[in-house]
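Trainee: For reference, the file protein_2.tsv (TSV, C-alpha atoms) is included below:
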chain	number	residue	atom	x	y	z
C	766	MET	CA	179.36	272.84	-29.27
C	767	ASP	CA	176.17	273.86	-31.01
C	768	LEU	CA	173.25	274.32	-28.61
C	769	LEU	CA	170.79	272.01	-30.36
C	770	THR	CA	173.47	269.34	-30.78
C	771	ALA	CA	174.21	269.60	-27.07
C	772	LEU	CA	170.53	269.33	-26.14
C	773	MET	CA	170.02	266.28	-28.35
C	774	THR	CA	173.23	264.36	-27.54
C	775	ARG	CA	173.75	264.86	-23.77
C	776	ARG	CA	173.68	261.60	-21.82
C	777	SER	CA	174.34	260.76	-18.20
C	778	ILE	CA	178.00	259.82	-17.67
C	779	ARG	CA	178.68	257.52	-14.74
C	780	LYS	CA	182.30	256.48	-15.42
C	781	TYR	CA	185.14	258.99	-15.28
C	782	GLN	CA	188.82	259.23	-16.01
C	783	PRO	CA	190.88	259.76	-12.86
C	784	GLN	CA	192.15	263.30	-13.53
C	785	SER	CA	190.51	266.19	-11.73
C	786	VAL	CA	188.32	268.85	-13.33
C	787	PRO	CA	190.26	272.09	-13.90
C	788	GLY	CA	189.14	275.04	-11.80
C	789	GLU	CA	188.28	277.20	-14.81
C	790	LEU	CA	185.86	274.52	-16.04
C	791	VAL	CA	184.29	274.21	-12.60
C	792	GLU	CA	183.69	277.96	-12.67
C	793	LYS	CA	182.04	277.65	-16.09
C	794	LEU	CA	179.71	274.96	-14.73
C	795	LEU	CA	178.79	277.15	-11.77
C	796	ARG	CA	178.28	280.21	-13.97
C	797	ALA	CA	175.99	278.23	-16.29
C	798	ALA	CA	174.00	276.93	-13.32
C	799	MET	CA	173.53	280.39	-11.83
C	800	GLN	CA	172.26	281.82	-15.13
C	801	ALA	CA	169.12	279.68	-14.88
C	802	PRO	CA	165.74	281.34	-14.57
C	803	SER	CA	164.08	281.21	-11.15
C	804	ALA	CA	160.74	282.28	-9.72
C	805	ARG	CA	160.83	286.09	-9.41
C	806	ASN	CA	164.55	285.80	-10.22
C	807	ALA	CA	165.26	284.77	-6.63
C	808	GLN	CA	168.25	282.56	-7.55
C	809	PRO	CA	167.70	280.56	-4.33
C	810	TRP	CA	170.65	278.19	-4.84
C	811	GLU	CA	173.89	277.38	-3.04
C	812	PHE	CA	176.62	274.97	-4.09
C	813	ILE	CA	179.11	272.78	-2.26
C	814	LEU	CA	182.03	271.41	-4.29
C	815	LEU	CA	183.13	267.97	-3.13
C	816	ASP	CA	186.59	266.70	-4.00
C	817	ASP	CA	187.58	265.16	-0.68
C	818	ARG	CA	187.82	261.43	-1.41
C	819	ASN	CA	186.79	260.42	2.11
C	820	LEU	CA	183.63	262.50	1.82
C	821	LEU	CA	182.81	261.25	-1.68
C	822	ALA	CA	183.31	257.66	-0.51
C	823	GLN	CA	180.58	258.16	2.08
C	824	ILE	CA	177.97	259.42	-0.39
C	825	PRO	CA	176.80	256.00	-1.67
C	826	LYS	CA	175.86	254.93	1.87
C	827	ILE	CA	173.51	257.93	2.02
C	828	CYS	CA	172.44	258.00	-1.64
C	829	PRO	CA	172.13	254.46	-3.00
C	830	ASN	CA	171.54	256.03	-6.44
C	831	ALA	CA	175.06	257.50	-6.41
C	832	PRO	CA	177.56	254.61	-6.22
C	833	MET	CA	179.63	256.54	-8.81
C	834	ALA	CA	180.45	259.17	-6.19
C	835	ALA	CA	183.14	256.90	-4.77
C	836	HIS	CA	185.10	257.25	-8.02
C	837	ALA	CA	184.04	260.66	-9.37
C	838	PRO	CA	186.70	263.39	-9.40
C	839	LEU	CA	184.16	266.02	-8.40
C	840	GLY	CA	180.73	266.33	-6.89
C	841	ILE	CA	178.70	269.52	-7.02
C	842	LEU	CA	175.98	269.52	-4.41
C	843	VAL	CA	173.15	271.88	-5.30
C	844	CYS	CA	171.07	273.15	-2.39
C	845	GLY	CA	168.03	275.38	-2.07
C	846	ASN	CA	168.19	278.17	0.50
C	847	LEU	CA	164.70	278.86	1.86
C	848	ASP	CA	165.83	282.28	3.07
C	849	LEU	CA	166.60	283.30	-0.52
C	850	GLU	CA	163.30	282.12	-1.95
C	851	LYS	CA	160.72	284.72	-3.02
C	852	SER	CA	157.89	282.38	-4.13
C	853	GLU	CA	157.27	279.67	-1.58
C	854	GLY	CA	157.83	276.15	-2.84
C	855	PHE	CA	159.49	277.08	-6.13
C	856	TRP	CA	163.07	276.50	-4.94
C	857	VAL	CA	162.82	272.84	-6.01
C	858	ILE	CA	162.00	273.85	-9.57
C	859	ASP	CA	164.56	276.68	-9.67
C	860	CYS	CA	167.41	274.42	-8.53
C	861	SER	CA	166.38	271.85	-11.17
C	862	ALA	CA	166.76	274.43	-13.94
C	863	ALA	CA	170.20	275.36	-12.62
C	864	ILE	CA	171.24	271.72	-12.60
C	865	GLN	CA	170.06	271.14	-16.16
C	866	ASN	CA	172.15	274.15	-17.28
C	867	MET	CA	175.14	272.63	-15.49
C	868	LEU	CA	174.70	269.22	-17.13
C	869	LEU	CA	174.52	270.79	-20.57
C	870	ALA	CA	177.58	272.96	-19.90
C	871	ALA	CA	179.53	269.88	-18.77
C	872	HIS	CA	178.65	268.10	-22.01
C	873	GLY	CA	179.66	271.12	-24.08
C	874	LEU	CA	183.00	271.40	-22.25
C	875	GLY	CA	183.91	267.77	-22.96
C	876	LEU	CA	183.09	266.66	-19.43
C	877	GLY	CA	180.58	264.05	-18.37
C	878	ALA	CA	178.07	264.41	-15.57
C	879	VAL	CA	175.21	262.59	-13.90
C	880	TRP	CA	172.35	263.99	-11.82
C	881	CYS	CA	171.78	262.10	-8.55
C	882	GLY	CA	168.53	262.99	-6.83
C	883	ILE	CA	168.47	263.75	-3.10
C	884	TYR	CA	165.32	265.80	-2.41
C	885	PRO	CA	162.50	264.81	-1.83
C	886	ARG	CA	163.95	261.60	-0.23
C	887	GLN	CA	164.06	262.71	3.41
C	888	GLU	CA	166.64	260.12	4.51
C	889	ARG	CA	169.03	261.33	1.82
C	890	VAL	CA	168.42	264.98	2.74
C	891	ALA	CA	169.14	264.22	6.41
C	892	GLY	CA	172.25	262.15	5.67
C	893	ILE	CA	173.81	264.75	3.36
C	894	ARG	CA	172.89	267.54	5.77
C	895	GLN	CA	174.72	265.79	8.58
C	896	LEU	CA	177.75	264.86	6.44
C	897	LEU	CA	178.33	268.43	5.24
C	898	HIS	CA	177.05	270.40	8.27
C	899	ILE	CA	174.30	272.08	6.28
C	900	PRO	CA	171.98	274.38	8.28
C	901	GLU	CA	168.27	273.74	8.57
C	902	ARG	CA	167.07	276.43	6.13
C	903	VAL	CA	169.28	275.04	3.35
C	904	ILE	CA	168.05	271.87	1.68
C	905	PRO	CA	170.27	269.49	-0.29
C	906	HIS	CA	168.48	269.13	-3.64
C	907	SER	CA	170.73	267.01	-5.88
C	908	LEU	CA	174.30	265.91	-6.34
C	909	VAL	CA	175.91	266.30	-9.75
C	910	LEU	CA	178.97	264.12	-10.32
C	911	VAL	CA	181.47	265.39	-12.87
C	912	GLY	CA	184.64	264.19	-14.57
C	913	TYR	CA	186.22	263.53	-17.90
C	914	PRO	CA	184.15	260.72	-19.44
C	915	ALA	CA	185.39	257.13	-19.47
C	916	GLU	CA	182.31	255.99	-21.38
C	917	SER	CA	180.52	257.43	-24.40
C	918	PRO	CA	176.89	256.31	-24.55
C	919	GLN	CA	175.15	256.93	-27.85
C	920	PRO	CA	172.51	259.65	-28.07
C	921	GLU	CA	169.02	258.30	-27.40
C	922	ASP	CA	165.90	259.47	-29.22
C	923	ARG	CA	163.31	260.18	-26.54
C	924	TYR	CA	160.74	261.93	-28.72
C	925	HIS	CA	157.21	260.74	-28.01
C	926	PRO	CA	154.79	262.73	-30.19
C	927	GLU	CA	151.90	260.83	-28.60
C	928	ARG	CA	152.57	262.82	-25.44
C	929	VAL	CA	151.60	266.08	-27.16
C	930	TYR	CA	148.03	267.37	-27.20
C	931	LYS	CA	146.43	270.50	-28.54
C	932	ASN	CA	144.29	273.00	-26.64
C	933	ARG	CA	142.77	270.30	-24.46
C	934	TRP	CA	143.88	267.06	-22.82
C	935	GLY	CA	143.55	264.13	-25.24
C	936	GLN	CA	142.92	266.33	-28.29
C	937	LYS	CA	145.21	265.84	-31.27
C	938	ASP	CA	144.20	268.67	-33.66
O	1245	MET	CA	174.03	279.16	-31.51
O	1246	ASP	CA	176.95	278.06	-29.37
O	1247	LEU	CA	175.87	276.19	-26.22
O	1248	LEU	CA	177.75	278.30	-23.70
O	1249	THR	CA	176.61	281.50	-25.40
O	1250	ALA	CA	173.04	280.25	-25.19
O	1251	LEU	CA	173.38	279.34	-21.52
O	1252	MET	CA	174.86	282.74	-20.64
O	1253	THR	CA	172.59	284.97	-22.75
O	1254	ARG	CA	169.10	283.44	-22.41
O	1255	ARG	CA	166.60	285.80	-20.80
O	1256	SER	CA	162.86	285.54	-20.21
O	1257	ILE	CA	160.92	287.09	-23.10
O	1258	ARG	CA	157.48	288.43	-22.22
O	1259	LYS	CA	156.64	290.43	-25.36
O	1260	TYR	CA	156.12	288.75	-28.71
O	1261	GLN	CA	155.60	289.61	-32.33
O	1262	PRO	CA	152.13	288.60	-33.57
O	1263	GLN	CA	153.17	285.87	-36.03
O	1264	SER	CA	152.74	282.25	-35.01
O	1265	VAL	CA	155.55	279.81	-34.28
O	1266	PRO	CA	156.15	277.46	-37.25
O	1267	GLY	CA	155.30	273.82	-36.62
O	1268	GLU	CA	158.84	272.61	-37.29
O	1269	LEU	CA	160.17	274.90	-34.55
O	1270	VAL	CA	157.49	273.71	-32.14
O	1271	GLU	CA	158.64	270.16	-32.81
O	1272	LYS	CA	162.24	271.15	-32.08
O	1273	LEU	CA	161.17	272.65	-28.76
O	1274	LEU	CA	159.30	269.47	-27.84
O	1275	ARG	CA	162.19	267.25	-28.92
O	1276	ALA	CA	164.61	269.28	-26.81
O	1277	ALA	CA	162.29	269.06	-23.82
O	1278	MET	CA	161.90	265.29	-24.11
O	1279	GLN	CA	165.68	264.74	-24.26
O	1280	ALA	CA	166.01	265.90	-20.65
O	1281	PRO	CA	167.25	263.49	-18.01
O	1282	SER	CA	164.68	262.12	-15.58
O	1283	ALA	CA	164.75	259.90	-12.52
O	1284	ARG	CA	165.31	256.34	-13.75
O	1285	ASN	CA	164.73	257.73	-17.25
O	1286	ALA	CA	160.98	257.67	-16.64
O	1287	GLN	CA	160.30	260.71	-18.89
O	1288	PRO	CA	157.08	261.38	-16.92
O	1289	TRP	CA	156.00	264.40	-18.96
O	1290	GLU	CA	153.06	265.33	-21.20
O	1291	PHE	CA	152.52	268.51	-23.20
O	1292	ILE	CA	149.51	270.52	-24.29
O	1293	LEU	CA	150.05	273.10	-27.02
O	1294	LEU	CA	147.82	276.14	-26.63
O	1295	ASP	CA	147.14	278.39	-29.59
O	1296	ASP	CA	143.42	278.95	-29.14
O	1297	ARG	CA	143.13	282.67	-28.38
O	1298	ASN	CA	140.05	282.23	-26.20
O	1299	LEU	CA	141.87	279.69	-24.06
O	1300	LEU	CA	145.04	281.76	-23.81
O	1301	ALA	CA	142.98	284.80	-22.81
O	1302	GLN	CA	141.65	282.88	-19.81
O	1303	ILE	CA	145.09	281.91	-18.48
O	1304	PRO	CA	145.85	285.19	-16.64
O	1305	LYS	CA	142.71	284.81	-14.54
O	1306	ILE	CA	144.06	281.47	-13.31
O	1307	CYS	CA	147.77	282.32	-13.32
O	1308	PRO	CA	148.30	285.94	-12.25
O	1309	ASN	CA	151.99	285.47	-13.09
O	1310	ALA	CA	151.11	284.92	-16.76
O	1311	PRO	CA	149.43	288.10	-18.06
O	1312	MET	CA	151.54	287.64	-21.24
O	1313	ALA	CA	149.48	284.57	-22.15
O	1314	ALA	CA	146.75	286.83	-23.51
O	1315	HIS	CA	149.13	288.01	-26.25
O	1316	ALA	CA	151.50	285.06	-26.72
O	1317	PRO	CA	151.24	283.18	-30.04
O	1318	LEU	CA	151.82	279.85	-28.31
O	1319	GLY	CA	151.66	278.30	-24.89
O	1320	ILE	CA	153.22	274.94	-24.09
O	1321	LEU	CA	151.77	273.47	-20.93
O	1322	VAL	CA	154.09	270.93	-19.34
O	1323	CYS	CA	152.45	268.34	-17.12
O	1324	GLY	CA	153.70	265.50	-14.98
O	1325	ASN	CA	151.95	262.14	-15.35
O	1326	LEU	CA	152.06	260.25	-12.04
O	1327	ASP	CA	151.37	256.99	-13.86
O	1328	LEU	CA	154.61	257.39	-15.82
O	1329	GLU	CA	156.77	258.16	-12.80
O	1330	LYS	CA	159.22	255.51	-11.54
O	1331	SER	CA	160.65	257.35	-8.50
O	1332	GLU	CA	157.90	258.89	-6.41
O	1333	GLY	CA	158.04	262.65	-6.13
O	1334	PHE	CA	160.70	263.25	-8.78
O	1335	TRP	CA	158.27	264.23	-11.55
O	1336	VAL	CA	158.48	267.87	-10.43
O	1337	ILE	CA	162.23	267.91	-10.93
O	1338	ASP	CA	162.11	265.93	-14.18
O	1339	CYS	CA	159.58	268.31	-15.75
O	1340	SER	CA	161.73	271.27	-14.68
O	1341	ALA	CA	164.74	269.88	-16.56
O	1342	ALA	CA	162.58	269.39	-19.66
O	1343	ILE	CA	161.36	272.99	-19.44
O	1344	GLN	CA	164.87	274.38	-19.10
O	1345	ASN	CA	165.88	272.47	-22.25
O	1346	MET	CA	162.88	273.97	-24.02
O	1347	LEU	CA	163.73	277.54	-22.95
O	1348	LEU	CA	167.28	277.14	-24.18
O	1349	ALA	CA	166.14	275.65	-27.48
O	1350	ALA	CA	163.74	278.56	-27.99
O	1351	HIS	CA	166.57	281.02	-27.46
O	1352	GLY	CA	168.82	279.15	-29.89
O	1353	LEU	CA	166.08	279.08	-32.53
O	1354	GLY	CA	165.56	282.85	-32.40
O	1355	LEU	CA	162.37	282.55	-30.38
O	1356	GLY	CA	161.66	284.02	-26.99
O	1357	ALA	CA	160.04	282.22	-24.09
O	1358	VAL	CA	159.08	282.68	-20.47
O	1359	TRP	CA	158.48	280.09	-17.76
O	1360	CYS	CA	155.25	280.64	-15.81
O	1361	GLY	CA	154.99	278.51	-12.69
O	1362	ILE	CA	151.78	276.60	-11.92
O	1363	TYR	CA	152.70	273.77	-9.52
O	1364	PRO	CA	152.89	273.82	-6.48
O	1365	ARG	CA	150.21	276.59	-6.36
O	1366	GLN	CA	147.13	274.44	-5.89
O	1367	GLU	CA	144.63	277.07	-7.12
O	1368	ARG	CA	146.55	277.37	-10.39
O	1369	VAL	CA	146.77	273.58	-10.75
O	1370	ALA	CA	143.01	273.27	-10.22
O	1371	GLY	CA	142.15	276.12	-12.58
O	1372	ILE	CA	144.32	274.86	-15.43
O	1373	ARG	CA	143.09	271.29	-14.88
O	1374	GLN	CA	139.50	272.43	-15.25
O	1375	LEU	CA	140.20	274.69	-18.25
O	1376	LEU	CA	141.94	271.92	-20.25
O	1377	HIS	CA	140.07	268.84	-18.94
O	1378	ILE	CA	143.21	267.29	-17.47
O	1379	PRO	CA	142.70	264.00	-15.60
O	1380	GLU	CA	143.55	263.63	-11.92
O	1381	ARG	CA	146.80	261.67	-12.32
O	1382	VAL	CA	148.26	264.34	-14.60
O	1383	ILE	CA	149.46	267.51	-12.90
O	1384	PRO	CA	149.95	270.85	-14.67
O	1385	HIS	CA	153.52	271.84	-13.79
O	1386	SER	CA	154.31	275.02	-15.74
O	1387	LEU	CA	153.25	277.01	-18.75
O	1388	VAL	CA	155.91	278.12	-21.23
O	1389	LEU	CA	154.88	281.02	-23.46
O	1390	VAL	CA	156.66	281.25	-26.81
O	1391	GLY	CA	156.83	283.63	-29.75
O	1392	TYR	CA	159.18	285.69	-31.84
O	1393	PRO	CA	160.65	288.26	-29.45
O	1394	ALA	CA	159.41	291.86	-29.43
O	1395	GLU	CA	161.95	292.81	-26.74
O	1396	SER	CA	165.64	292.04	-26.37
O	1397	PRO	CA	166.75	292.26	-22.75
O	1398	GLN	CA	170.51	292.36	-22.21
O	1399	PRO	CA	172.23	289.31	-20.72
O	1400	GLU	CA	172.48	289.54	-16.95
O	1401	ASP	CA	175.48	288.32	-14.93
O	1402	ARG	CA	174.08	286.21	-12.10
O	1403	TYR	CA	177.35	284.70	-10.90
O	1404	HIS	CA	177.63	284.73	-7.11
O	1405	PRO	CA	180.89	283.03	-6.10
O	1406	GLU	CA	179.99	283.61	-2.45
O	1407	ARG	CA	177.32	280.92	-2.88
O	1408	VAL	CA	179.99	278.27	-3.48
O	1409	TYR	CA	181.54	276.26	-0.64
O	1410	LYS	CA	184.04	273.43	-0.56
O	1411	ASN	CA	183.62	270.03	1.09
O	1412	ARG	CA	181.51	271.45	3.92
O	1413	TRP	CA	178.89	274.16	4.36
O	1414	GLY	CA	180.53	277.56	5.00
O	1415	GLN	CA	184.02	276.38	4.07
O	1416	LYS	CA	185.85	278.30	1.35
O	1417	ASP	CA	189.03	276.24	0.75
Would you put the structure from the file into structure tokens?

Mentor:
Amino acid sequence: MDLLTALMTRRSIRKYQPQSVPGELVEKLLRAAMQAPSARNAQPWEFILLDDRNLLAQIPKICPNAPMAAHAPLGILVCGNLDLEKSEGFWVIDCSAAIQNMLLAAHGLGLGAVWCGIYPRQERVAGIRQLLHIPERVIPHSLVLVGYPAESPQPEDRYHPERVYKNRWGQKD
Amino acid sequence: MDLLTALMTRRSIRKYQPQSVPGELVEKLLRAAMQAPSARNAQPWEFILLDDRNLLAQIPKICPNAPMAAHAPLGILVCGNLDLEKSEGFWVIDCSAAIQNMLLAAHGLGLGAVWCGIYPRQERVAGIRQLLHIPERVIPHSLVLVGYPAESPQPEDRYHPERVYKNRWGQKD
């Protein structure tokens, strides 16, 4: 898929066909994520693949924004590892860039994905940490659910030129 | 450019040719940024284009990570607007996704770009706020510098399969 087409047509996909995501596509998603830029190139991310149905069924109790987890073939939990960070506080931003790469790659590979936020909601962070035995210096950032799409939402035009200023806040020329 | 090629080959570009970035390409960068996903689709971002050389020359004093600003044809400051946010605290993540879209679009359009972090460094936030007269509820997140590339760094393989676990922290199968 053409890059600009992918950027302009990607939508969140919350309904999936039942078949699992082939391993070679999962690797492509992970490779895309790990190519993201990060502060001082620290690459402070870790990933936990979730395909255990019992585990995925427990996610919505912890993350009320992720009811789709109960039916998604795959979850990819993205975490920030504070021991890998080089610029304090930038792990949140770095992991976000990795996730956006992953969402775009999913779209380009004919998959569908949705980004479910965990951090900075502390009750979600604690619940996911406990569920997956994640150590203290690793922080669950977001859960990406992935599968072959069972819905095809139309592209949405989100361009708001009124949100663009020039050389100073509020200035238009 | 093919999406997966773009994802795998994008690098930070810190040296630029002197010519300015055409307006139609700037619009494509902004459109790509604004297509990003955001928590509850709040799209809590605002943008300030910087092409005033006097302004750009002052950036490195505020952001020591952005010496390239003094020579970049264009800066795109990405800000989060707390009054547009629907899920408290997620504006940081939402703006990061928009920036990653913008960096990829720049690469696909034959431009080069680099992501210079501002937030959460409070002295950078305060300095940029003062320089560009940004109101209190709008927070400078990052500065993206853009121009036609005057360097062409090779793609870097950042894949670390040892950072991937399955169904539980530390578990490999």

Trainee: Tell me, counting all atoms listed in the file, for each residue of chain C within 6 Å of chain O, which pair of atoms is nearest and how far apart they are in Å to one decimal, in rows ordered by chain and increasing number, as CSV.

Mentor:
residue,atom,partner,partner_atom,distance
C:Met766,CA,O:Leu1247,CA,5.7
C:Asp767,CA,O:Asp1246,CA,4.6
C:Leu768,CA,O:Leu1247,CA,4.0
C:Leu772,CA,O:Ala1276,CA,6.0
C:Arg796,CA,O:Tyr1403,CA,5.5
C:Ala797,CA,O:Leu1251,CA,5.9
C:Met799,CA,O:Tyr1403,CA,5.8
C:Gln800,CA,O:Arg1402,CA,5.6
C:Glu811,CA,O:Arg1407,CA,4.9
C:Phe812,CA,O:Val1408,CA,4.8
C:Ile813,CA,O:Tyr1409,CA,4.5
C:Leu814,CA,O:Lys1410,CA,4.7
C:Leu815,CA,O:Asn1411,CA,4.7
C:Ile858,CA,O:Ser1340,CA,5.7
C:Ser861,CA,O:Ile1337,CA,5.7
C:Ala862,CA,O:Gln1344,CA,5.5
C:Gln865,CA,O:Ala1341,CA,5.5
C:Leu897,CA,O:Arg1412,CA,4.6
C:His898,CA,O:Trp1413,CA,5.7
C:Ile899,CA,O:Trp1413,CA,5.4
C:Arg923,CA,O:Gln1279,CA,5.6
C:Tyr924,CA,O:Arg1275,CA,5.5
C:Arg928,CA,O:Glu1290,CA,5.0
C:Val929,CA,O:Phe1291,CA,4.7
C:Tyr930,CA,O:Ile1292,CA,4.5
C:Lys931,CA,O:Leu1293,CA,4.7
C:Asn932,CA,O:Leu1294,CA,4.7
C:Arg933,CA,O:Leu1376,CA,4.6
C:Trp934,CA,O:Ile1378,CA,5.4

Trainee: Could you check the closest approach to Ala915 of chain C for each of C:Arg902, C:His836, C:Lys826, C:Lys851 and tell me which residue wins, using all atoms listed in the file?

Mentor: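 Closest to Ala915 of chain C, using all atoms listed in the file: C:His836.
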
Trainee: Provide an axis-aligned box for all listed atoms of segment 841-856 of chain C, padding each side by 8 Å; report its centre and its edge lengths in Å to one decimal, as AutoDock Vina command-line options.

Mentor:
--center_x 168.0 --center_y 277.1 --center_z -2.0 --size_x 37.4 --size_y 31.2 --size_z 26.1

Trainee: Could you check which of C:Ile827, C:Arg779, C:Gly875, C:Gln919 is closest to Glu888 of chain C, using only C-alpha atoms?

Mentor: C:Ile827

Trainee: Quick one: pull the distance between atom CA of Val1388 of chain O and atom CA of Pro1308 of chain O, Å, one decimal.

Mentor: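 Value for the atom CA of Val1388 of chain O-atom CA of Pro1308 of chain O distance: 14.1 Å.
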
Trainee: To one decimal place in Å, what is the distance between atom CA of Tyr913 of chain C and atom CA of Trp1335 of chain O?

Mentor: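 One can read the atom CA of Tyr913 of chain C to atom CA of Trp1335 of chain O distance as 28.7 Å.
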